[in-house]
Each structure stands twice: as structure tokens, then as C-alpha cells.
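Shown next: start-v8.pdb, given as PDB, C-alpha atoms.
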```
ATOM      1  CA  MET A 181      19.500   8.326  13.237
ATOM      2  CA  ASN A 182      20.270   7.031   9.750
ATOM      3  CA  ILE A 183      18.086   4.718   7.716
ATOM      4  CA  LYS A 184      19.121   2.070   5.206
ATOM      5  CA  ILE A 185      16.595   0.367   2.970
ATOM      6  CA  VAL A 186      17.909  -2.839   1.408
ATOM      7  CA  VAL A 187      15.809  -4.120  -1.492
ATOM      8  CA  VAL A 188      16.300  -7.430  -3.259
ATOM      9  CA  GLY A 189      15.523  -7.116  -6.958
ATOM     10  CA  LYS A 190      15.557  -4.167  -9.295
ATOM     11  CA  ILE A 191      12.820  -1.544  -9.311
ATOM     12  CA  LYS A 192      11.817  -2.159 -12.891
ATOM     13  CA  GLU A 193       8.841   0.146 -13.102
ATOM     14  CA  LYS A 194       9.948   3.695 -13.843
ATOM     15  CA  ILE A 195       6.758   5.163 -12.417
ATOM     16  CA  TYR A 196       7.310   3.663  -8.975
ATOM     17  CA  GLN A 197      11.025   4.416  -9.115
ATOM     18  CA  GLN A 198      10.428   8.100  -9.725
ATOM     19  CA  ARG A 199       7.971   8.451  -6.822
ATOM     20  CA  ILE A 200      10.103   6.386  -4.423
ATOM     21  CA  LEU A 201      13.157   8.562  -5.104
ATOM     22  CA  GLU A 202      11.061  11.659  -4.492
ATOM     23  CA  TYR A 203       9.925  10.419  -1.051
ATOM     24  CA  LEU A 204      13.519   9.460  -0.186
ATOM     25  CA  LYS A 205      14.686  12.956  -1.134
ATOM     26  CA  TRP A 206      12.099  14.457   1.210
ATOM     27  CA  ILE A 207      13.056  12.045   4.031
ATOM     28  CA  ASP A 208      16.727  12.839   3.511
ATOM     29  CA  GLN A 209      16.145  16.452   4.543
ATOM     30  CA  ASP A 210      15.563  15.228   8.112
ATOM     31  CA  VAL A 211      17.002  11.718   8.283
ATOM     32  CA  LYS A 212      19.916  10.486   6.202
ATOM     33  CA  THR A 213      18.625   7.613   4.086
ATOM     34  CA  ASP A 214      20.328   5.168   1.722
ATOM     35  CA  LEU A 215      18.580   2.880  -0.723
ATOM     36  CA  ILE A 216      20.591  -0.243  -1.500
ATOM     37  CA  ILE A 217      19.339  -2.389  -4.364
ATOM     38  CA  LEU A 218      20.784  -5.902  -4.499
ATOM     39  CA  LYS A 219      20.542  -7.886  -7.711
ATOM     40  CA  GLU A 220      18.593 -11.083  -7.333
ATOM     41  CA  SER A 221      20.890 -14.057  -7.452
ATOM     42  CA  SER A 222      20.970 -17.678  -6.387
ATOM     43  CA  GLY A 223      20.583 -18.477  -2.683
ATOM     44  CA  LYS A 224      24.094 -18.507  -1.255
ATOM     45  CA  LYS A 225      25.458 -15.685  -3.375
ATOM     46  CA  LEU A 226      22.628 -13.418  -2.245
ATOM     47  CA  ASP A 227      23.005 -14.503   1.392
ATOM     48  CA  GLN A 228      26.656 -13.400   1.228
ATOM     49  CA  LYS A 229      25.631 -10.003  -0.083
ATOM     50  CA  LEU A 230      23.007  -9.613   2.628
ATOM     51  CA  LYS A 231      25.251 -10.591   5.536
ATOM     52  CA  PRO A 232      27.035  -7.270   6.092
ATOM     53  CA  TYR A 233      23.635  -5.555   6.285
ATOM     54  CA  LEU A 234      22.174  -8.189   8.627
ATOM     55  CA  HIS A 235      25.205  -8.295  10.906
ATOM     56  CA  SER A 236      25.709  -4.600  11.440
ATOM     57  CA  ASN A 237      25.053  -2.501  14.522
ATOM     58  CA  ASN A 238      21.834  -1.279  12.978
ATOM     59  CA  TYR A 239      18.413  -2.342  14.224
ATOM     60  CA  THR A 240      17.300  -4.697  11.399
ATOM     61  CA  ILE A 241      13.673  -4.857  10.287
ATOM     62  CA  CYS A 242      12.302  -7.360   7.799
ATOM     63  CA  VAL A 243       9.230  -6.055   5.966
ATOM     64  CA  SER A 244       6.928  -9.030   5.394
ATOM     65  CA  GLU A 245       3.215  -9.887   5.270
ATOM     66  CA  ASP A 246       3.746 -12.167   8.271
ATOM     67  CA  GLY A 247       5.002  -9.394  10.534
ATOM     68  CA  LYS A 248       3.421  -7.148  13.103
ATOM     69  CA  GLN A 249       1.147  -4.391  11.808
ATOM     70  CA  LEU A 250       1.320  -0.887  13.170
ATOM     71  CA  SER A 251      -0.724   2.241  12.588
ATOM     72  CA  SER A 252       1.154   5.208  11.084
ATOM     73  CA  LYS A 253       1.359   6.826  14.520
ATOM     74  CA  GLN A 254       2.712   3.635  16.092
ATOM     75  CA  PHE A 255       5.192   3.294  13.223
ATOM     76  CA  SER A 256       6.436   6.821  13.902
ATOM     77  CA  GLU A 257       6.934   6.005  17.594
ATOM     78  CA  TYR A 258       8.549   2.689  16.664
ATOM     79  CA  ILE A 259      11.137   4.474  14.521
ATOM     80  CA  PHE A 260      11.916   7.325  16.835
ATOM     81  CA  GLU A 261      12.160   5.323  20.057
ATOM     82  CA  ARG A 262      15.232   3.513  18.648
ATOM     83  CA  THR A 263      18.645   4.767  19.581
ATOM     84  CA  GLN A 264      20.320   2.755  16.808
ATOM     85  CA  ASP A 265      20.341   3.351  13.077
ATOM     86  CA  LEU A 266      17.742   1.326  11.180
ATOM     87  CA  THR A 267      17.948  -1.103   8.280
ATOM     88  CA  PHE A 268      14.753  -2.172   6.520
ATOM     89  CA  PHE A 269      14.739  -5.211   4.213
ATOM     90  CA  ILE A 270      12.270  -5.641   1.363
ATOM     91  CA  GLY A 271      12.188  -8.932  -0.541
ATOM     92  CA  GLY A 272      12.143  -9.434  -4.282
ATOM     93  CA  PRO A 273       9.378 -10.666  -6.591
ATOM     94  CA  ASP A 274       9.812 -14.133  -5.049
ATOM     95  CA  GLY A 275       9.652 -12.921  -1.476
ATOM     96  CA  HIS A 276      12.354 -12.791   1.172
ATOM     97  CA  PRO A 277      15.458 -14.924   1.288
ATOM     98  CA  GLN A 278      14.982 -16.991   4.485
ATOM     99  CA  VAL A 279      18.076 -15.506   6.077
ATOM    100  CA  ILE A 280      16.404 -12.094   6.359
ATOM    101  CA  GLU A 281      13.327 -13.249   8.274
ATOM    102  CA  LYS A 282      15.538 -15.457  10.448
ATOM    103  CA  GLU A 283      18.183 -12.909  11.344
ATOM    104  CA  SER A 284      16.321  -9.598  11.455
ATOM    105  CA  LYS A 285      15.557  -8.242  14.909
ATOM    106  CA  SER A 286      11.959  -7.471  14.025
ATOM    107  CA  ILE A 287       9.378  -8.325  11.348
ATOM    108  CA  LEU A 288       6.967  -5.604  10.289
ATOM    109  CA  SER A 289       3.974  -5.900   7.978
ATOM    110  CA  LEU A 290       2.634  -3.083   5.810
ATOM    111  CA  SER A 291      -0.563  -4.970   4.983
ATOM    112  CA  ASN A 292      -2.124  -8.437   5.029
ATOM    113  CA  LEU A 293      -2.286  -8.082   1.267
ATOM    114  CA  THR A 294       0.528  -9.334  -0.954
ATOM    115  CA  LEU A 295       2.034  -6.216  -2.519
ATOM    116  CA  PRO A 296       4.477  -6.165  -5.456
ATOM    117  CA  HIS A 297       7.912  -5.451  -3.962
ATOM    118  CA  GLU A 298       8.032  -2.124  -5.764
ATOM    119  CA  MET A 299       4.749  -1.104  -4.198
ATOM    120  CA  ALA A 300       5.956  -2.260  -0.773
ATOM    121  CA  LEU A 301       8.964   0.034  -1.165
ATOM    122  CA  LEU A 302       6.705   2.900  -2.254
ATOM    123  CA  VAL A 303       4.446   2.410   0.788
ATOM    124  CA  LEU A 304       7.448   2.112   3.137
ATOM    125  CA  ALA A 305       9.067   5.286   1.767
ATOM    126  CA  GLU A 306       5.797   7.199   2.145
ATOM    127  CA  GLN A 307       5.346   5.885   5.698
ATOM    128  CA  ILE A 308       8.864   6.898   6.756
ATOM    129  CA  PHE A 309       8.175  10.371   5.387
ATOM    130  CA  ARG A 310       4.821  10.360   7.220
ATOM    131  CA  ALA A 311       6.516   9.143  10.420
ATOM    132  CA  ILE A 312       8.839  12.156  10.321
ATOM    133  CA  SER A 313       5.864  14.453   9.673
ATOM    134  CA  ILE A 314       4.046  12.968  12.684
ATOM    135  CA  LYS A 315       7.132  13.412  14.869
ATOM    136  CA  LYS A 316       7.518  17.029  13.704
ATOM    137  CA  GLY A 317       3.797  17.714  13.953
ATOM    138  CA  SER A 318       3.634  18.971  10.366
ATOM    139  CA  LYS A 319       0.427  19.173   8.360
ATOM    140  CA  TYR A 320       1.129  16.191   6.077
ATOM    141  CA  HIS A 321      -0.451  13.642   8.438
ATOM    142  CA  ARG A 322      -3.995  14.658   9.256
TER     143      ARG A 322
ATOM    144  CA  MET B1219     -19.865  -8.837 -12.348
ATOM    145  CA  ASN B1220     -19.095  -5.143 -12.841
ATOM    146  CA  ILE B1221     -16.994  -3.000 -10.527
ATOM    147  CA  LYS B1222     -17.363   0.696  -9.770
ATOM    148  CA  ILE B1223     -14.709   2.577  -7.831
ATOM    149  CA  VAL B1224     -15.941   5.894  -6.450
ATOM    150  CA  VAL B1225     -13.164   8.222  -5.302
ATOM    151  CA  VAL B1226     -13.677  11.502  -3.481
ATOM    152  CA  GLY B1227     -11.059  14.046  -4.524
ATOM    153  CA  LYS B1228      -8.989  14.383  -7.648
ATOM    154  CA  ILE B1229      -5.980  12.182  -8.339
ATOM    155  CA  LYS B1230      -3.525  15.038  -8.503
ATOM    156  CA  GLU B1231      -0.328  13.083  -8.889
ATOM    157  CA  LYS B1232       0.243  12.165 -12.522
ATOM    158  CA  ILE B1233       2.525   9.278 -11.596
ATOM    159  CA  TYR B1234      -0.130   7.498  -9.563
ATOM    160  CA  GLN B1235      -2.817   8.356 -12.099
ATOM    161  CA  GLN B1236      -0.883   6.730 -14.925
ATOM    162  CA  ARG B1237      -0.287   3.480 -13.019
ATOM    163  CA  ILE B1238      -3.859   3.311 -11.691
ATOM    164  CA  LEU B1239      -5.293   3.667 -15.201
ATOM    165  CA  GLU B1240      -2.987   0.917 -16.398
ATOM    166  CA  TYR B1241      -4.205  -1.526 -13.719
ATOM    167  CA  LEU B1242      -7.825  -0.600 -14.517
ATOM    168  CA  LYS B1243      -7.228  -1.285 -18.198
ATOM    169  CA  TRP B1244      -5.869  -4.744 -17.318
ATOM    170  CA  ILE B1245      -8.825  -5.431 -14.985
ATOM    171  CA  ASP B1246     -11.276  -4.289 -17.656
ATOM    172  CA  GLN B1247     -10.234  -7.167 -19.908
ATOM    173  CA  ASP B1248     -11.971  -9.562 -17.492
ATOM    174  CA  VAL B1249     -14.289  -7.429 -15.368
ATOM    175  CA  LYS B1250     -15.928  -4.229 -16.538
ATOM    176  CA  THR B1251     -14.683  -1.445 -14.278
ATOM    177  CA  ASP B1252     -15.590   2.223 -13.961
ATOM    178  CA  LEU B1253     -13.636   4.818 -12.041
ATOM    179  CA  ILE B1254     -15.814   7.695 -10.825
ATOM    180  CA  ILE B1255     -14.004  10.703  -9.412
ATOM    181  CA  LEU B1256     -16.174  13.083  -7.388
ATOM    182  CA  LYS B1257     -14.948  16.591  -6.724
ATOM    183  CA  GLU B1258     -14.546  17.352  -3.062
ATOM    184  CA  SER B1259     -17.249  19.703  -1.898
ATOM    185  CA  SER B1260     -18.961  20.770   1.297
ATOM    186  CA  GLY B1261     -20.783  18.097   3.307
ATOM    187  CA  LYS B1262     -24.355  18.078   2.008
ATOM    188  CA  LYS B1263     -23.500  18.707  -1.614
ATOM    189  CA  LEU B1264     -21.104  15.760  -1.628
ATOM    190  CA  ASP B1265     -23.604  13.531   0.218
ATOM    191  CA  GLN B1266     -26.113  14.224  -2.567
ATOM    192  CA  LYS B1267     -23.577  13.192  -5.179
ATOM    193  CA  LEU B1268     -22.737  10.012  -3.273
ATOM    194  CA  LYS B1269     -26.339   8.910  -2.699
ATOM    195  CA  PRO B1270     -27.027   7.287  -6.076
ATOM    196  CA  TYR B1271     -23.871   5.184  -5.646
ATOM    197  CA  LEU B1272     -24.699   4.244  -2.047
ATOM    198  CA  HIS B1273     -28.341   3.416  -2.758
ATOM    199  CA  SER B1274     -27.874   1.232  -5.811
ATOM    200  CA  ASN B1275     -28.308  -2.509  -6.157
ATOM    201  CA  ASN B1276     -24.537  -2.915  -5.974
ATOM    202  CA  TYR B1277     -22.757  -4.409  -2.982
ATOM    203  CA  THR B1278     -21.153  -1.289  -1.443
ATOM    204  CA  ILE B1279     -17.722  -1.447   0.176
ATOM    205  CA  CYS B1280     -16.123   1.411   2.078
ATOM    206  CA  VAL B1281     -12.304   1.243   2.006
ATOM    207  CA  SER B1282     -11.090   2.528   5.374
ATOM    208  CA  GLU B1283      -8.322   1.922   7.926
ATOM    209  CA  ASP B1284     -11.009   0.876  10.434
ATOM    210  CA  GLY B1285     -12.309  -1.989   8.318
ATOM    211  CA  LYS B1286     -11.659  -5.678   8.146
ATOM    212  CA  GLN B1287      -8.319  -6.790   6.701
ATOM    213  CA  LEU B1288      -8.062  -9.642   4.258
ATOM    214  CA  SER B1289      -5.171 -11.438   2.620
ATOM    215  CA  SER B1290      -4.989 -11.200  -1.183
ATOM    216  CA  LYS B1291      -6.422 -14.715  -1.480
ATOM    217  CA  GLN B1292      -9.291 -13.886   0.871
ATOM    218  CA  PHE B1293      -9.910 -10.645  -1.034
ATOM    219  CA  SER B1294     -10.176 -12.636  -4.265
ATOM    220  CA  GLU B1295     -12.738 -14.995  -2.686
ATOM    221  CA  TYR B1296     -14.563 -12.027  -1.156
ATOM    222  CA  ILE B1297     -14.989 -10.432  -4.588
ATOM    223  CA  PHE B1298     -15.927 -13.527  -6.516
ATOM    224  CA  GLU B1299     -18.389 -14.976  -4.018
ATOM    225  CA  ARG B1300     -20.691 -11.954  -4.599
ATOM    226  CA  THR B1301     -23.529 -12.298  -7.050
ATOM    227  CA  GLN B1302     -24.064  -8.528  -7.192
ATOM    228  CA  ASP B1303     -21.979  -5.862  -8.879
ATOM    229  CA  LEU B1304     -19.548  -4.116  -6.541
ATOM    230  CA  THR B1305     -18.960  -0.470  -5.641
ATOM    231  CA  PHE B1306     -15.824   0.491  -3.721
ATOM    232  CA  PHE B1307     -15.570   3.909  -2.046
ATOM    233  CA  ILE B1308     -12.253   5.639  -1.365
ATOM    234  CA  GLY B1309     -12.237   8.846   0.688
ATOM    235  CA  GLY B1310     -10.435  12.070  -0.099
ATOM    236  CA  PRO B1311      -7.423  13.697   1.563
ATOM    237  CA  ASP B1312      -9.638  14.412   4.585
ATOM    238  CA  GLY B1313     -10.960  10.878   4.862
ATOM    239  CA  HIS B1314     -14.437   9.522   4.240
ATOM    240  CA  PRO B1315     -17.642  11.512   4.388
ATOM    241  CA  GLN B1316     -19.526   9.886   7.308
ATOM    242  CA  VAL B1317     -22.376   8.817   5.054
ATOM    243  CA  ILE B1318     -20.126   6.283   3.285
ATOM    244  CA  GLU B1319     -18.998   4.413   6.405
ATOM    245  CA  LYS B1320     -22.568   4.514   7.721
ATOM    246  CA  GLU B1321     -24.354   3.300   4.632
ATOM    247  CA  SER B1322     -21.903   0.904   2.977
ATOM    248  CA  LYS B1323     -22.638  -2.788   3.410
ATOM    249  CA  SER B1324     -19.065  -3.598   4.335
ATOM    250  CA  ILE B1325     -15.879  -1.825   5.478
ATOM    251  CA  LEU B1326     -12.576  -3.136   4.199
ATOM    252  CA  SER B1327      -9.076  -2.085   5.237
ATOM    253  CA  LEU B1328      -6.016  -2.227   2.977
ATOM    254  CA  SER B1329      -3.617  -1.570   5.850
ATOM    255  CA  ASN B1330      -3.458  -0.298   9.428
ATOM    256  CA  LEU B1331      -1.292   2.476   8.017
ATOM    257  CA  THR B1332      -2.799   5.752   6.852
ATOM    258  CA  LEU B1333      -2.239   5.851   3.091
ATOM    259  CA  PRO B1334      -2.680   8.928   0.866
ATOM    260  CA  HIS B1335      -5.983   8.414  -0.980
ATOM    261  CA  GLU B1336      -4.129   8.165  -4.285
ATOM    262  CA  MET B1337      -1.980   5.369  -2.912
ATOM    263  CA  ALA B1338      -5.054   3.613  -1.504
ATOM    264  CA  LEU B1339      -6.568   3.675  -4.998
ATOM    265  CA  LEU B1340      -3.313   2.349  -6.470
ATOM    266  CA  VAL B1341      -3.214  -0.517  -3.953
ATOM    267  CA  LEU B1342      -6.912  -1.295  -4.485
ATOM    268  CA  ALA B1343      -6.537  -1.354  -8.278
ATOM    269  CA  GLU B1344      -3.519  -3.661  -8.026
ATOM    270  CA  GLN B1345      -5.373  -5.948  -5.606
ATOM    271  CA  ILE B1346      -8.437  -6.223  -7.857
ATOM    272  CA  PHE B1347      -6.116  -7.158 -10.722
ATOM    273  CA  ARG B1348      -4.371  -9.660  -8.405
ATOM    274  CA  ALA B1349      -7.754 -11.049  -7.269
ATOM    275  CA  ILE B1350      -8.635 -11.812 -10.894
ATOM    276  CA  SER B1351      -5.219 -13.419 -11.414
ATOM    277  CA  ILE B1352      -5.764 -15.613  -8.330
ATOM    278  CA  LYS B1353      -9.228 -16.609  -9.558
ATOM    279  CA  LYS B1354      -7.842 -17.449 -13.009
ATOM    280  CA  GLY B1355      -4.783 -19.171 -11.572
ATOM    281  CA  SER B1356      -2.423 -17.012 -13.653
ATOM    282  CA  LYS B1357       1.244 -16.526 -12.820
ATOM    283  CA  TYR B1358       0.944 -12.927 -11.538
ATOM    284  CA  HIS B1359       0.226 -13.975  -7.940
ATOM    285  CA  ARG B1360       2.964 -16.253  -6.640
TER     286      ARG B1360
END
```
Please render this file's structure as C-alpha cells.
Amino acid sequence: MNIKIVVVGKIKEKIYQQRILEYLKWIDQDVKTDLIILKESSGKKLDQKLKPYLHSNNYTICVSEDGKQLSSKQFSEYIFERTQDLTFFIGGPDGHPQVIEKESKSILSLSNLTLPHEMALLVLAEQIFRAISIKKGSKYHR
Amino acid sequence: MNIKIVVVGKIKEKIYQQRILEYLKWIDQDVKTDLIILKESSGKKLDQKLKPYLHSNNYTICVSEDGKQLSSKQFSEYIFERTQDLTFFIGGPDGHPQVIEKESKSILSLSNLTLPHEMALLVLAEQIFRAISIKKGSKYHR
């Protein structure tokens, strides 16, 4: 399994950036992971850029407050029961372009709270790392 | 209103620490906020240290996966409808000492996911700042 994380909008805060890249490096030791950062742009231009990621053979997951909430254990099962590669989408400071919620196969929520998109990416990266730890039975998840 | 945040266990990661302190500085401009970090120690010793914070006149809130989840708007109302000062408790790497869940007036959940306690503190700090922004009607929360 490979994982793609597609983020709309730059990760401006260096502090988050540094920690996110560290989690992704850890994840990458077990599961190949790519972070794709798309520049925010006006509606149609952005939709065009998103299309190849939405219409791929990957299982597409929109990360949004409105989605289904899982526990960390359920999230681990959710990831590892797939036979396809995964693509997660995280919206920008102004939320998700409609096309993502509409065309993703699944909508997942990290929290009922509105998180800054950088923090959502940080939480997602940590949870993917945790999901692998749960699957492997390592000490990280207690 | 004043806010106390009582955390069990050191914030070891400098990156989180830096960002948490920044949010607290922003919050402090509107609401006086103290961060109290208690060293992890064996059961009874820690319970003794927690007691004065649990048995104060403050409205005590245990932050735990098992609690009630609110949206950011609801969290803002939840904070500002209190007439008392608030104390939030965040557990350590091994979770909450039982005494906190038992004796707090309310249990609040940030997410169904298990977050590292440093990340829980980061999310809580950002949400308190967001709650103030919502109350003030500032642009931060869109």
C-alpha cells in the first residue's frame, strides 16, 4: 500500500512543517508516502489540478469536519483493510473545494472542532504513524 | 474569567512547546491563562499534587477521548457561558490519573482519536484562542 496526502494551500508555519515532515519520514519506513501541496487558486483552475488525484485508482478520502469519526484503532483497521492505495485530501484555510467532498469515496473527520489545515495535516500524519504502530503492535500506541 | 491548564507530564517536544506558548500568549491578551505542568509521579503523590486544582472554586474540565465532543462554536459558548474560572486537565503519556475523570465537573473530548498529550495541549490551546475569536467575531474563525 502507498499513501498520498494532497493538501490545498501551503504549510506556512515552519513549526508544523518540521513536525509533519518528521512523521512522514517515520511512516515512509513502512508505507511509501507522498505529500502533494497544491497552491490555492481560483475554483476551476484548482479543480483541474485536483482531478488526476480524484480520478485515480486510489481509494480517495476527504478529511472534513462533516465526516465519520473513528477511534485510532478503527482508523488503523480502516487503512489496512483496503487493498488499494490511499489518497487523503486536506482542504485549505477556506475549507475544501466542493469537488473533493463530492467525488471522494469516503469522508473522514479528525474532530468536531475546526482545526487549522496545518494542524489537520499534523494530526493526520501522526494518526497514520499511530495506525502503523497499532498494526505492528509496537509500543507507541498504549 | 481566568483559565488554568493543568498538564501531567513534561512537554518534551520543543516544537510543540514553542507553538503552545505562542497560542497561550495570544489568549492571555484577552483571558488570563496559566499553564501548570506537573511532573509525572507515582499514583498517590500525583493525586496529592492534583487535589488543590480539583478542589478549587474553578469549573473543572477533564480533557479525555471518552468525553463529550463539541464543535468550535459550541466550545466557545461552553467557555463563555460559565461564570466561574476554568481549569482544564490534560493527562500524561499514560492517560489521566483516575482522580481527574472522577472528580472533574465535566469531561470534554477533542477527538475520538488518541492524541499524544502534547498534541492534545496544542489543539486545546488553539481552540481556546479560536473560542475567543468566535466570541469577539474576529476573522480568525471562518
Item checked: Neighbour list for Thr1332 of chain B as a list in words, cut-off 10 Å, only C-alpha atoms, skip fewer than 6 positions in-chain -> Ser251, Ser252, Lys253, Glu306, Gln307, Arg310, His321 and Arg322 of chain A; Ser1282, Glu1283, Gly1313 and Ala1338 of chain B
Pairwise distance, atom CA of Leu266 of chain A with atom CA of Ile183 of chain A, equals 4.9 Å
Self-check item: Contact residues (chain A, partner chain B, 7 Å, all atoms listed in the file) as an MDAnalysis selection string
Solution: chainID A and resid 195 249:252 290:294
ask   = Do you know which residues the PyMOL selection byres ((chain A and resi 204) around 9) returns on this file, as JSON, numbers by chain?
value = {"A": [199, 200, 201, 202, 203, 205, 206, 207, 208, 209, 213, 214, 215, 305, 306, 308, 309]}
Kindly save the residues from that selection, with C-alpha atoms included, as a PDB file, in the frame of the given file.
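again07.pdb, written as the output of this step:
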```
ATOM      1  CA  ARG A 199       7.971   8.451  -6.822  1.00  0.00           C
ATOM      2  CA  ILE A 200      10.103   6.386  -4.423  1.00  0.00           C
ATOM      3  CA  LEU A 201      13.157   8.562  -5.104  1.00  0.00           C
ATOM      4  CA  GLU A 202      11.061  11.659  -4.492  1.00  0.00           C
ATOM      5  CA  TYR A 203       9.925  10.419  -1.051  1.00  0.00           C
ATOM      6  CA  LYS A 205      14.686  12.956  -1.134  1.00  0.00           C
ATOM      7  CA  TRP A 206      12.099  14.457   1.210  1.00  0.00           C
ATOM      8  CA  ILE A 207      13.056  12.045   4.031  1.00  0.00           C
ATOM      9  CA  ASP A 208      16.727  12.839   3.511  1.00  0.00           C
ATOM     10  CA  GLN A 209      16.145  16.452   4.543  1.00  0.00           C
ATOM     11  CA  THR A 213      18.625   7.613   4.086  1.00  0.00           C
ATOM     12  CA  ASP A 214      20.328   5.168   1.722  1.00  0.00           C
ATOM     13  CA  LEU A 215      18.580   2.880  -0.723  1.00  0.00           C
ATOM     14  CA  ALA A 305       9.067   5.286   1.767  1.00  0.00           C
ATOM     15  CA  GLU A 306       5.797   7.199   2.145  1.00  0.00           C
ATOM     16  CA  ILE A 308       8.864   6.898   6.756  1.00  0.00           C
ATOM     17  CA  PHE A 309       8.175  10.371   5.387  1.00  0.00           C
TER      18      PHE A 309
END
```
Correct to one decimal, the distance atom CA of Asp1284 of chain B-atom CA of Ile1325 of chain B is 7.5 Å
- Write out as a PyMOL selection string each polymer residue whose atoms come within 9 Å of segment 1222-1230 of chain B, counting all atoms listed in the file; drop sequence neighbours fewer than 2 positions from it. chain B and resi 1220+1232-1235+1250-1259+1264+1268+1271+1276+1303-1311+1313-1315+1335-1336+1339
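Straight-line separation from atom CA of Asp210 of chain A to atom CA of Lys316 of chain A: 10.0 Å.
Of the listed residues A:Ile280, A:Ile259, A:Met181, A:Val243, the one whose atoms come nearest to Leu304 of chain A is A:Val243, with distances taken using all atoms listed in the file.
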Can you tell me which residues surround Lys315 of chain A at a distance of at most 9 Å, considering only C-alpha atoms, apart from same-chain residues fewer than 6 positions away, and format the answer as a ChimeraX atom specification? /A:253,256-257,260
Provide an axis-aligned box for all listed atoms of segment 211-227 of chain A, padding each side by 4 Å; report its centre and its edge lengths in Å to one decimal, as JSON.
```
{"center_x": 21.2, "center_y": -3.4, "center_z": 0.3, "size_x": 16.5, "size_y": 38.2, "size_z": 24.0}
```
One residue among A:Ser313, A:Ser318, A:Thr263, A:Ser284 is nearest to Leu234 of chain A when using all atoms listed in the file, and that residue is A:Ser284
Will you model N, CA and C atoms for segment 206-229 of chain A and pass it back as a short mmCIF file (atom, residue, chain, number, x, y, z; two decimals), keeping the file's coordinate frame?
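Contents of selection-v4.cif, as written:
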```cif
data_model
loop_
_atom_site.label_atom_id
_atom_site.label_comp_id
_atom_site.auth_asym_id
_atom_site.auth_seq_id
_atom_site.Cartn_x
_atom_site.Cartn_y
_atom_site.Cartn_z
N TRP A 206 12.78 13.71 0.14
CA TRP A 206 12.10 14.46 1.21
C TRP A 206 12.56 13.98 2.58
N ILE A 207 12.64 12.64 2.75
CA ILE A 207 13.06 12.04 4.03
C ILE A 207 14.47 12.52 4.37
N ASP A 208 15.31 12.53 3.35
CA ASP A 208 16.73 12.84 3.51
C ASP A 208 16.97 14.25 4.08
N GLN A 209 15.99 15.11 3.97
CA GLN A 209 16.14 16.45 4.54
C GLN A 209 16.18 16.40 6.06
N ASP A 210 15.57 15.36 6.65
CA ASP A 210 15.56 15.23 8.11
C ASP A 210 16.39 14.05 8.61
N VAL A 211 16.33 12.95 7.86
CA VAL A 211 17.00 11.72 8.28
C VAL A 211 17.80 11.17 7.11
N LYS A 212 19.09 10.99 7.30
CA LYS A 212 19.92 10.49 6.20
C LYS A 212 19.47 9.08 5.81
N THR A 213 19.19 8.89 4.54
CA THR A 213 18.62 7.61 4.09
C THR A 213 19.36 7.09 2.86
N ASP A 214 19.71 5.81 2.89
CA ASP A 214 20.33 5.17 1.72
C ASP A 214 19.45 4.05 1.22
N LEU A 215 19.29 3.99 -0.10
CA LEU A 215 18.58 2.88 -0.72
C LEU A 215 19.62 1.98 -1.38
N ILE A 216 19.63 0.71 -0.95
CA ILE A 216 20.59 -0.24 -1.50
C ILE A 216 19.82 -1.32 -2.26
N ILE A 217 20.06 -1.41 -3.55
CA ILE A 217 19.34 -2.39 -4.36
C ILE A 217 20.28 -3.54 -4.72
N LEU A 218 19.96 -4.73 -4.23
CA LEU A 218 20.78 -5.90 -4.50
C LEU A 218 20.18 -6.69 -5.65
N LYS A 219 21.02 -7.08 -6.59
CA LYS A 219 20.54 -7.89 -7.71
C LYS A 219 20.10 -9.24 -7.19
N GLU A 220 19.00 -9.73 -7.70
CA GLU A 220 18.59 -11.08 -7.33
C GLU A 220 19.64 -12.07 -7.83
N SER A 221 19.95 -13.03 -7.01
CA SER A 221 20.89 -14.06 -7.45
C SER A 221 20.59 -15.32 -6.68
N SER A 222 21.28 -16.39 -7.00
CA SER A 222 20.97 -17.68 -6.39
C SER A 222 21.28 -17.62 -4.90
N GLY A 223 20.60 -18.46 -4.14
CA GLY A 223 20.58 -18.48 -2.68
C GLY A 223 21.84 -18.01 -1.98
N LYS A 224 22.92 -18.78 -2.08
CA LYS A 224 24.09 -18.51 -1.25
C LYS A 224 24.78 -17.20 -1.61
N LYS A 225 24.80 -16.91 -2.90
CA LYS A 225 25.46 -15.68 -3.38
C LYS A 225 24.75 -14.46 -2.80
N LEU A 226 23.43 -14.52 -2.78
CA LEU A 226 22.63 -13.42 -2.24
C LEU A 226 22.80 -13.32 -0.72
N ASP A 227 22.81 -14.49 -0.06
CA ASP A 227 23.00 -14.50 1.39
C ASP A 227 24.30 -13.79 1.77
N GLN A 228 25.35 -14.04 0.98
CA GLN A 228 26.66 -13.40 1.23
C GLN A 228 26.55 -11.88 1.13
N LYS A 229 25.78 -11.45 0.12
CA LYS A 229 25.63 -10.00 -0.08
C LYS A 229 24.81 -9.35 1.04
#
```
